[in-house]
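Structure record follows, encoded as structure tokens.
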Amino acid sequence: MARPEKIRLGELLVRQKLLSEAQLQLALEEQKKSGRKLGRFLVENGLVTEDQIAEAIAKQLDIPFIRLKNFTIKSDTVRLLPEMQARRFRAIVLENRGDQVLIGMADPTDLMVYDEIARIVKHNIELAVINENELLQTIDRIYRKTEEITDLARELGQDLGDSYIDFASLNNLSGAEDAPVVKLLQSVFDDATQVRASDIHIEPQIDALQIRFRIDGVLNLQTRADIKIAAALALRLKLMSGLDISEKRLPQDGRFAIKVKQQSIDVRISTMPTQYGESVVMRLLNQSGNALNLNAIGMPSAMLARFRSILQRPNGLILVTGPTGSGKTTTLYGALSELNTLERKIITVEDPVEYRLAGINQVQVNEKIDLDFARVLRSALRQDPDVVLVGEMRDQETAQIGMRAAITGHLVLSTLHTNDAASTPIRLIDMGVPRYMVATSIQAVIAQRLVRLNCDNCSDTYSPSPTEQIWLDNHLPSIDLSARYQKGRGCAHCNHTGYRGRIGVYEMLEITHAVAEAASHADPAVFINAAETQMAGNTLGRQAANLAAAGKTTPAEAMRVSNEFDD
């Protein structure tokens with residue numbers, strides 16, 4: 001293909017009637033003042049979309065406009081152009097056709113970039129136009145750090161040899177950032193952030209060190225390295241989190257903050273001695289994101305409206321239940337974000353504090369100095385709060401203090417580990433909380449799980465198996481002829497799992513007068529029946545089945561989540 005022609009973007013958009021002459025002149029004047037690119041200025045001010053600009057350029061140059069979200073890219077092909085150049089040139093190798101390569105560019109009229117890419121890939125080039133936002137997201141997904149991590153781990157192993165190196169001294173060295181252990185950890189954090197991992201597991205095995213990421217709730221192997229480097233990594237991470245580097249026999253917990261790809265990441269670290277060395281698990285909490293928003297958690301609109309209404313009540317207890325990693329904290333912080341006004345004093349009692357919110361008084365429990373939930377909660381109630389969040393109802397004492405606060409004029413939010421909404425009040429009674437307190441303090445119980453979503457890049461129509469169909473028929477109110485079941489094949493966009501991203505499924509039990517009366521009954525079955533009647537079939541299983549019928553997840557995934565509470 002010949003070198004592309006240089007295009008004056010403004011004139012092109014006017015010619016294709018996407019922009020008026022007056023709009024262009026105004027935009028050019030404003031763009032000169034700001035010094036920004038014209039295309040970026042037009043998009044940010046809502047005059048045109050990125051897709052409209054891309055399609056206009058494609059039409060003018062007579063080349064295709066390709067939507068990357070619908071395009072399958074091979075990882076070996078894309079690496080013909082290194083990541084640094086791909087980001088700098090806003091370009092990506094889409095296909096290797098033997099004698100030529102197809103290159104997607106956000107701006108194919110940039111002649112200097114075209115020449116530089118041709119020099120690097122050493123092939124004849126065919127061009128396509130791509131959306132810049134989609135390009136940057138694709139680069140994050142495709143350019144994994146696996147090879148780099150493996151190479152750095154090997155380099156660290158060679159540096160260590162069979163001798164011991166005091167990594168504590170790295171803190172005092174000016175070139176510490178160039179040490180292999182530091183570069184290795186930086187690459188691990190970079191890769192984990194790119195693939196949206198929630199946890200990093202560094203696990204010494206009998207013959208190797210295993211590094212795994214938890215992505216969308218499922219562990220994936222990142223790399224296996226020489227077991228020799230396990231102690232070095234554990235030492236460095238302990239230094240970063242202020243833990244005792246001389247103590248290897250006892251578990252330790254800590255935290256530290258890092259900046260990865262312009263994102264602030266809060267890292268909670270847990271170390272534990274195992275047979276072959278110290279196992280380290282890190283929970284990654286992205287403080288830059290906008291996750292603390294009730295509109296984004298996937299709660300059905302009718303349920304969300306009722307939940308918001310309950311949140312505005314001046315007192316009472318709201319419980320969010322589910323297993324570890326089911327999104328309870330995100331739901332509670334979403335609620336706190338809406339309650340956080342100048343008129344309300346909010347205190348949280350947590351172990352540990354996961355997200356930092358401005359305007360809220362957050363207290364971290366510290367068992368080592370006898371600063372437990374019950375003690376902090378008693379003190380918090382003397383601080384004249386309107387809203388109190390208790391990280392977890394761990395024992396009878398904490399539960400009773402929280403419920404007494406709910407009865408005496410405070411709105412209390414907390415979590416509990418139960419299987420579903422209906423069994424939660426019974427669990428509190430089993431913990432020794434008086435029935436009258438349970439019946440009068442609880443306003444609502446929300447049970448939740450996280451369901452993996454089908455990858456929107458590789459999902460195809462899918463026919464459920466006979467077992468899946470029976471389960472769906474049991475959970476859907478009637479045969480849904482409009483159901484369009486789908487399943488992902490697996491591609492580079494979803495790390496070949498068929499799933500990308502998660503969404504919550506919920507059930508909410510509102511404690512009405514009838515339900516509260518049933519809670520006072522000695523027979524638990526009376527309360528369960530009243531609770532099921534009040535929820536009217538709007539259960540976790542029903543919502544998961546609805547997601548499957550809408551093609552958002554697979555029947556197998558809906559069943560997997562459902563079985564957690566059907567057993």
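To be explicit about the labels: the chains of the structure tokens are called A, B, and onward in the order shown, and within each one the residues are counted from 1, while ligands get numbers from 1 in the order they are shown.
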
Query raised in the report: So which bits of stretch 163-255 of chain A end up alpha helix (DSSP H) when you DSSP the backbone, as JSON, numbers by chain?
Result: {"A": [180, 181, 182, 183, 184, 185, 186, 187, 188, 189, 190, 191, 192, 193, 194, 230, 231, 232, 233, 234, 235, 236, 237, 238, 239, 240, 241]}

Requested in this report: For stretch 370-383 of chain A, work out the shell of residues within 10 Å, counting only C-alpha atoms and skipping chain neighbours fewer than 5 positions away, then give it as a list in words.
Outcome: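 Listed by chain and then number, they are Lys345, Ile346, Ile347, Thr348, Val349, Glu350, Asp351, Asn361, Val363, Gln364, Val365, Val388, Leu389, Val390, Gly391, Glu392, Met393, Arg394, Asp395, Gln396, Glu397, Thr398, Ala399, Gln400, Ile401, Gly402, Ala405 and His410 of chain A.
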
Residues from last step as file, C-alpha atoms, as a PDB file, in the first residue's frame:
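This is the output file out06.pdb:
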```
ATOM      1  CA  LYS A 345     -21.762  12.216  60.921  1.00  0.00           C
ATOM      2  CA  ILE A 346     -20.593   8.804  59.708  1.00  0.00           C
ATOM      3  CA  ILE A 347     -18.207   6.520  61.596  1.00  0.00           C
ATOM      4  CA  THR A 348     -16.908   3.204  60.272  1.00  0.00           C
ATOM      5  CA  VAL A 349     -15.337   0.420  62.358  1.00  0.00           C
ATOM      6  CA  GLU A 350     -13.410  -1.901  60.032  1.00  0.00           C
ATOM      7  CA  ASP A 351     -10.763  -4.615  59.919  1.00  0.00           C
ATOM      8  CA  ASN A 361     -14.403   8.997  60.254  1.00  0.00           C
ATOM      9  CA  VAL A 363     -11.390   3.497  62.505  1.00  0.00           C
ATOM     10  CA  GLN A 364      -9.302   0.364  62.011  1.00  0.00           C
ATOM     11  CA  VAL A 365      -9.625  -2.454  64.532  1.00  0.00           C
ATOM     12  CA  VAL A 388     -22.293   3.700  61.861  1.00  0.00           C
ATOM     13  CA  LEU A 389     -20.762   1.036  59.639  1.00  0.00           C
ATOM     14  CA  VAL A 390     -19.534  -2.086  61.434  1.00  0.00           C
ATOM     15  CA  GLY A 391     -17.262  -4.104  59.152  1.00  0.00           C
ATOM     16  CA  GLU A 392     -18.621  -7.443  60.359  1.00  0.00           C
ATOM     17  CA  MET A 393     -20.952  -8.802  63.053  1.00  0.00           C
ATOM     18  CA  ARG A 394     -18.315 -11.265  64.279  1.00  0.00           C
ATOM     19  CA  ASP A 395     -19.669 -12.176  67.714  1.00  0.00           C
ATOM     20  CA  GLN A 396     -22.604 -11.832  70.058  1.00  0.00           C
ATOM     21  CA  GLU A 397     -21.206  -8.763  71.844  1.00  0.00           C
ATOM     22  CA  THR A 398     -20.622  -6.781  68.630  1.00  0.00           C
ATOM     23  CA  ALA A 399     -24.027  -7.795  67.246  1.00  0.00           C
ATOM     24  CA  GLN A 400     -25.865  -6.737  70.411  1.00  0.00           C
ATOM     25  CA  ILE A 401     -24.090  -3.370  70.641  1.00  0.00           C
ATOM     26  CA  GLY A 402     -24.847  -2.706  66.949  1.00  0.00           C
ATOM     27  CA  ALA A 405     -27.505   1.364  68.536  1.00  0.00           C
ATOM     28  CA  HIS A 410     -28.672   5.311  64.750  1.00  0.00           C
TER      29      HIS A 410
END
```

Query - Surrounding residues of A:Ala483 excluding itself and chain neighbours under 5 positions, 8 Å, only C-alpha atoms, as a list in words - result: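 My list of contacting residues is Ala549, Ala550 and Gly551 of chain A.
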
Query - Exercise: A:Gln222 partners within 8 Å, only C-alpha atoms, chain neighbours under 5 positions left out, as a PyMOL selection string - result: chain A and resi 146+210-213

Report task. Determine, counting only C-alpha atoms, which protein, DNA and RNA residues have an atom within 8 Å of an atom of stretch 309-314 of chain A; residues of the same chain fewer than 3 positions away are not included. Present the result as an NGL selection string. Result -> :A and (305-306 or 335 or 339 or 386 or 409-411 or 443-444)

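For the choices A:Ala548, A:Ala208, A:Ile227, A:Leu250, the atom-to-atom distance to A:Gln486 is smallest for A:Ala548 when using only C-alpha atoms.
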
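Within the 6 Å cut-off around A:Ala406, using only C-alpha atoms and omitting residues fewer than 5 positions from it on the same chain, the listed residues are Asn315, Gly316, Leu317, Leu411, Val412 and Ser441 of chain A.
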
May I have the selected residues written with all heavy atoms, as a short mmCIF file (atom, residue, chain, number, x, y, z; two decimals), in the first residue's frame?
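Saved result, again-v3.cif, follows:
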```cif
data_model
loop_
_atom_site.label_atom_id
_atom_site.label_comp_id
_atom_site.auth_asym_id
_atom_site.auth_seq_id
_atom_site.Cartn_x
_atom_site.Cartn_y
_atom_site.Cartn_z
N ASN A 315 -33.01 5.42 61.59
CA ASN A 315 -32.42 4.40 62.46
C ASN A 315 -32.76 3.01 61.94
O ASN A 315 -33.57 2.84 61.02
CB ASN A 315 -32.94 4.56 63.89
CG ASN A 315 -34.45 4.41 63.98
OD1 ASN A 315 -35.19 5.36 63.71
ND2 ASN A 315 -34.93 3.22 64.32
N GLY A 316 -32.11 2.02 62.56
CA GLY A 316 -32.33 0.63 62.14
C GLY A 316 -31.04 0.01 61.65
O GLY A 316 -30.02 0.68 61.46
N LEU A 317 -31.08 -1.30 61.45
CA LEU A 317 -29.91 -2.07 61.01
C LEU A 317 -30.13 -2.60 59.60
O LEU A 317 -31.18 -3.18 59.30
CB LEU A 317 -29.67 -3.25 61.97
CG LEU A 317 -28.58 -4.25 61.59
CD1 LEU A 317 -27.20 -3.59 61.57
CD2 LEU A 317 -28.58 -5.44 62.55
N LEU A 411 -28.54 4.80 62.39
CA LEU A 411 -28.60 3.91 61.24
C LEU A 411 -27.30 3.11 61.23
O LEU A 411 -26.21 3.69 61.17
CB LEU A 411 -28.74 4.69 59.93
CG LEU A 411 -28.88 3.85 58.65
CD1 LEU A 411 -30.16 3.02 58.68
CD2 LEU A 411 -28.84 4.72 57.40
N VAL A 412 -27.40 1.78 61.31
CA VAL A 412 -26.23 0.91 61.40
C VAL A 412 -26.18 0.02 60.17
O VAL A 412 -27.18 -0.61 59.81
CB VAL A 412 -26.28 0.05 62.68
CG1 VAL A 412 -25.03 -0.84 62.76
CG2 VAL A 412 -26.38 0.93 63.93
N SER A 441 -34.85 -4.35 65.42
CA SER A 441 -33.74 -3.52 64.93
C SER A 441 -33.51 -3.62 63.43
O SER A 441 -33.15 -2.63 62.78
CB SER A 441 -32.45 -3.89 65.66
OG SER A 441 -32.06 -5.21 65.36
#
```

Determine, using only C-alpha atoms, which residues of stretch 326-436 of chain A have any atom at most 10 Å from an atom of stretch 506-509 of chain A, and tabulate each with its shortest atom pair and distance in Å to one decimal place, rows ordered by chain and then rising number, as CSV.
```
residue,atom,partner,partner_atom,distance
A:Asp420,CA,A:Glu507,CA,7.9
A:Ala421,CA,A:Leu509,CA,6.0
A:Ala422,CA,A:Leu509,CA,6.9
A:Thr424,CA,A:Leu509,CA,9.7
```

Save the residues we just selected, N, CA, C and O atoms, as a PDB file, in the first residue's frame?
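Output below, filename part.pdb:
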```pdb
ATOM      1  N   ASP A 420     -28.150 -16.861  52.670  1.00  0.00           N
ATOM      2  CA  ASP A 420     -29.207 -16.114  51.996  1.00  0.00           C
ATOM      3  C   ASP A 420     -29.839 -15.130  52.974  1.00  0.00           C
ATOM      4  O   ASP A 420     -29.499 -15.084  54.162  1.00  0.00           O
ATOM      5  N   ALA A 421     -30.760 -14.326  52.465  1.00  0.00           N
ATOM      6  CA  ALA A 421     -31.366 -13.284  53.298  1.00  0.00           C
ATOM      7  C   ALA A 421     -32.249 -13.877  54.388  1.00  0.00           C
ATOM      8  O   ALA A 421     -32.236 -13.421  55.541  1.00  0.00           O
ATOM      9  N   ALA A 422     -33.019 -14.908  54.053  1.00  0.00           N
ATOM     10  CA  ALA A 422     -34.003 -15.450  54.999  1.00  0.00           C
ATOM     11  C   ALA A 422     -33.355 -16.076  56.235  1.00  0.00           C
ATOM     12  O   ALA A 422     -33.925 -16.043  57.330  1.00  0.00           O
ATOM     13  N   THR A 424     -30.586 -15.095  57.713  1.00  0.00           N
ATOM     14  CA  THR A 424     -29.742 -14.161  58.458  1.00  0.00           C
ATOM     15  C   THR A 424     -30.270 -13.845  59.860  1.00  0.00           C
ATOM     16  O   THR A 424     -29.515 -13.946  60.846  1.00  0.00           O
TER      17      THR A 424
END
```

Report task. Might you pull out every residue within 10 Å of A:Arg196, with only C-alpha atoms counted and same-chain residues fewer than 4 positions away left off, and present them as a list in words? Result -> Asp140, Arg141, Asp191, Ala192, Phe213, Arg214, Ile215, Asp216, Leu284, Asn286, Arg500 and Gly501 of chain A

Saved selection, atoms kept: all heavy atoms, as a compact mmCIF listing (two decimals), in the first residue's frame:
```
# COMPACT_ATOMS: atom_id res chain seq x y z
N ASP A 140 -3.78 -2.75 26.73
CA ASP A 140 -3.71 -3.19 28.13
C ASP A 140 -3.98 -4.68 28.26
O ASP A 140 -3.37 -5.36 29.09
CB ASP A 140 -4.73 -2.41 28.97
CG ASP A 140 -4.25 -1.01 29.32
OD1 ASP A 140 -3.05 -0.75 29.13
OD2 ASP A 140 -5.06 -0.20 29.76
N ARG A 141 -4.91 -5.19 27.46
CA ARG A 141 -5.25 -6.61 27.56
C ARG A 141 -4.22 -7.52 26.91
O ARG A 141 -3.88 -8.58 27.43
CB ARG A 141 -6.62 -6.87 26.90
CG ARG A 141 -7.81 -6.41 27.69
CD ARG A 141 -9.08 -6.99 27.11
NE ARG A 141 -9.32 -6.54 25.75
CZ ARG A 141 -10.08 -5.51 25.42
NH1 ARG A 141 -10.67 -4.81 26.36
NH2 ARG A 141 -10.27 -5.15 24.17
N ASP A 191 1.15 -6.11 35.50
CA ASP A 191 0.36 -7.13 34.81
C ASP A 191 -0.96 -7.38 35.53
O ASP A 191 -2.01 -7.51 34.91
CB ASP A 191 1.17 -8.43 34.70
CG ASP A 191 0.57 -9.38 33.68
OD1 ASP A 191 0.15 -8.91 32.61
OD2 ASP A 191 0.49 -10.59 33.96
N ALA A 192 -0.91 -7.44 36.85
CA ALA A 192 -2.14 -7.68 37.63
C ALA A 192 -3.14 -6.56 37.40
O ALA A 192 -4.36 -6.81 37.28
CB ALA A 192 -1.80 -7.79 39.11
N PHE A 213 -2.91 -15.05 39.78
CA PHE A 213 -3.79 -13.89 39.89
C PHE A 213 -5.24 -14.37 40.03
O PHE A 213 -5.64 -15.32 39.34
CB PHE A 213 -3.71 -13.01 38.64
CG PHE A 213 -2.39 -12.33 38.41
CD1 PHE A 213 -2.08 -11.79 37.17
CD2 PHE A 213 -1.45 -12.21 39.43
CE1 PHE A 213 -0.87 -11.15 36.94
CE2 PHE A 213 -0.23 -11.59 39.21
CZ PHE A 213 0.06 -11.06 37.96
N ARG A 214 -6.01 -13.71 40.87
CA ARG A 214 -7.46 -13.98 40.90
C ARG A 214 -8.13 -12.95 40.00
O ARG A 214 -8.12 -11.74 40.29
CB ARG A 214 -8.02 -13.91 42.32
CG ARG A 214 -9.47 -14.40 42.39
CD ARG A 214 -10.00 -14.44 43.81
NE ARG A 214 -9.34 -15.44 44.64
CZ ARG A 214 -9.62 -16.74 44.62
NH1 ARG A 214 -10.52 -17.21 43.78
NH2 ARG A 214 -8.97 -17.56 45.42
N ILE A 215 -8.72 -13.42 38.92
CA ILE A 215 -9.39 -12.55 37.95
C ILE A 215 -10.85 -12.97 37.86
O ILE A 215 -11.16 -14.14 37.60
CB ILE A 215 -8.73 -12.66 36.55
CG1 ILE A 215 -7.22 -12.35 36.64
CG2 ILE A 215 -9.41 -11.72 35.56
CD1 ILE A 215 -6.44 -12.71 35.40
N ASP A 216 -11.74 -12.03 38.09
CA ASP A 216 -13.18 -12.32 38.09
C ASP A 216 -13.52 -13.49 39.00
O ASP A 216 -14.34 -14.35 38.67
CB ASP A 216 -13.69 -12.59 36.66
CG ASP A 216 -13.64 -11.35 35.79
OD1 ASP A 216 -13.67 -10.25 36.34
OD2 ASP A 216 -13.58 -11.50 34.54
N LEU A 284 -5.72 -6.28 45.99
CA LEU A 284 -5.51 -5.00 45.33
C LEU A 284 -6.80 -4.19 45.34
O LEU A 284 -7.83 -4.65 44.83
CB LEU A 284 -5.04 -5.21 43.88
CG LEU A 284 -3.86 -6.16 43.66
CD1 LEU A 284 -3.50 -6.25 42.19
CD2 LEU A 284 -2.65 -5.72 44.47
N ASN A 286 -8.30 -0.70 44.10
CA ASN A 286 -8.05 0.46 43.24
C ASN A 286 -8.76 1.68 43.81
O ASN A 286 -9.98 1.76 43.80
CB ASN A 286 -8.54 0.17 41.81
CG ASN A 286 -8.06 1.21 40.82
OD1 ASN A 286 -7.78 2.35 41.19
ND2 ASN A 286 -7.97 0.84 39.56
N ARG A 500 -15.64 -12.05 31.02
CA ARG A 500 -14.90 -10.80 31.29
C ARG A 500 -15.78 -9.89 32.14
O ARG A 500 -16.84 -9.46 31.71
CB ARG A 500 -14.51 -10.11 30.00
CG ARG A 500 -13.73 -8.83 30.25
CD ARG A 500 -13.13 -8.26 28.98
NE ARG A 500 -12.58 -6.95 29.20
CZ ARG A 500 -11.40 -6.69 29.77
NH1 ARG A 500 -10.65 -7.69 30.17
NH2 ARG A 500 -10.98 -5.45 29.93
N GLY A 501 -15.33 -9.62 33.34
CA GLY A 501 -16.08 -8.76 34.24
C GLY A 501 -17.09 -9.55 35.07
O GLY A 501 -17.39 -10.71 34.77
```

Requested in this report: Enumerate the residues of stretch 471-521 of chain A with a DSSP assignment of strand (DSSP E or B), computed from the backbone, and present them as a VMD selection string.
Outcome: chain A and resid 486 to 488 499 to 510

Please, could you write that set of residues out with N, CA and C atoms as a PDB file, in the first residue's frame?
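What ended up in part_37.pdb:
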```
ATOM      1  N   GLN A 486     -26.091 -17.504  25.806  1.00  0.00           N
ATOM      2  CA  GLN A 486     -24.822 -17.322  25.126  1.00  0.00           C
ATOM      3  C   GLN A 486     -23.678 -17.868  25.980  1.00  0.00           C
ATOM      4  N   LYS A 487     -22.555 -18.140  25.295  1.00  0.00           N
ATOM      5  CA  LYS A 487     -21.372 -18.651  25.983  1.00  0.00           C
ATOM      6  C   LYS A 487     -20.143 -18.173  25.230  1.00  0.00           C
ATOM      7  N   GLY A 488     -19.122 -17.704  25.954  1.00  0.00           N
ATOM      8  CA  GLY A 488     -17.899 -17.230  25.316  1.00  0.00           C
ATOM      9  C   GLY A 488     -17.007 -18.385  24.881  1.00  0.00           C
ATOM     10  N   TYR A 499     -15.180 -15.404  29.852  1.00  0.00           N
ATOM     11  CA  TYR A 499     -15.837 -14.439  30.749  1.00  0.00           C
ATOM     12  C   TYR A 499     -14.979 -13.191  30.893  1.00  0.00           C
ATOM     13  N   ARG A 500     -15.640 -12.049  31.021  1.00  0.00           N
ATOM     14  CA  ARG A 500     -14.902 -10.804  31.292  1.00  0.00           C
ATOM     15  C   ARG A 500     -15.779  -9.886  32.139  1.00  0.00           C
ATOM     16  N   GLY A 501     -15.330  -9.619  33.336  1.00  0.00           N
ATOM     17  CA  GLY A 501     -16.085  -8.759  34.242  1.00  0.00           C
ATOM     18  C   GLY A 501     -17.091  -9.546  35.068  1.00  0.00           C
ATOM     19  N   ARG A 502     -17.582  -8.909  36.123  1.00  0.00           N
ATOM     20  CA  ARG A 502     -18.596  -9.529  36.977  1.00  0.00           C
ATOM     21  C   ARG A 502     -19.687  -8.528  37.320  1.00  0.00           C
ATOM     22  N   ILE A 503     -20.823  -9.047  37.715  1.00  0.00           N
ATOM     23  CA  ILE A 503     -21.934  -8.206  38.145  1.00  0.00           C
ATOM     24  C   ILE A 503     -22.606  -8.881  39.334  1.00  0.00           C
ATOM     25  N   GLY A 504     -23.210  -8.099  40.188  1.00  0.00           N
ATOM     26  CA  GLY A 504     -23.845  -8.663  41.377  1.00  0.00           C
ATOM     27  C   GLY A 504     -25.229  -9.222  41.091  1.00  0.00           C
ATOM     28  N   VAL A 505     -25.591 -10.276  41.829  1.00  0.00           N
ATOM     29  CA  VAL A 505     -26.988 -10.734  41.890  1.00  0.00           C
ATOM     30  C   VAL A 505     -27.426 -10.611  43.347  1.00  0.00           C
ATOM     31  N   TYR A 506     -28.671 -10.216  43.548  1.00  0.00           N
ATOM     32  CA  TYR A 506     -29.117  -9.819  44.881  1.00  0.00           C
ATOM     33  C   TYR A 506     -30.499 -10.379  45.204  1.00  0.00           C
ATOM     34  N   GLU A 507     -30.744 -10.528  46.504  1.00  0.00           N
ATOM     35  CA  GLU A 507     -32.111 -10.682  47.011  1.00  0.00           C
ATOM     36  C   GLU A 507     -32.212  -9.814  48.263  1.00  0.00           C
ATOM     37  N   MET A 508     -33.376  -9.222  48.449  1.00  0.00           N
ATOM     38  CA  MET A 508     -33.533  -8.326  49.593  1.00  0.00           C
ATOM     39  C   MET A 508     -34.774  -8.716  50.394  1.00  0.00           C
ATOM     40  N   LEU A 509     -34.556  -8.908  51.683  1.00  0.00           N
ATOM     41  CA  LEU A 509     -35.652  -9.179  52.614  1.00  0.00           C
ATOM     42  C   LEU A 509     -35.887  -7.913  53.426  1.00  0.00           C
ATOM     43  N   GLU A 510     -37.040  -7.284  53.187  1.00  0.00           N
ATOM     44  CA  GLU A 510     -37.409  -6.112  53.972  1.00  0.00           C
ATOM     45  C   GLU A 510     -38.216  -6.583  55.180  1.00  0.00           C
TER      46      GLU A 510
END
```

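Among the candidates A:Ala230, A:Leu285, A:Ala358, A:Val129, the residue lying nearest to A:Ser264 is A:Leu285 (atoms considered: only C-alpha atoms).
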
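Here atom CA of A:Gly157 and atom CA of A:Val78 stand 29.5 Å from one another.
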
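Between atom CA of A:Val561 and atom CA of A:Val451 lies a distance of 6.8 Å.
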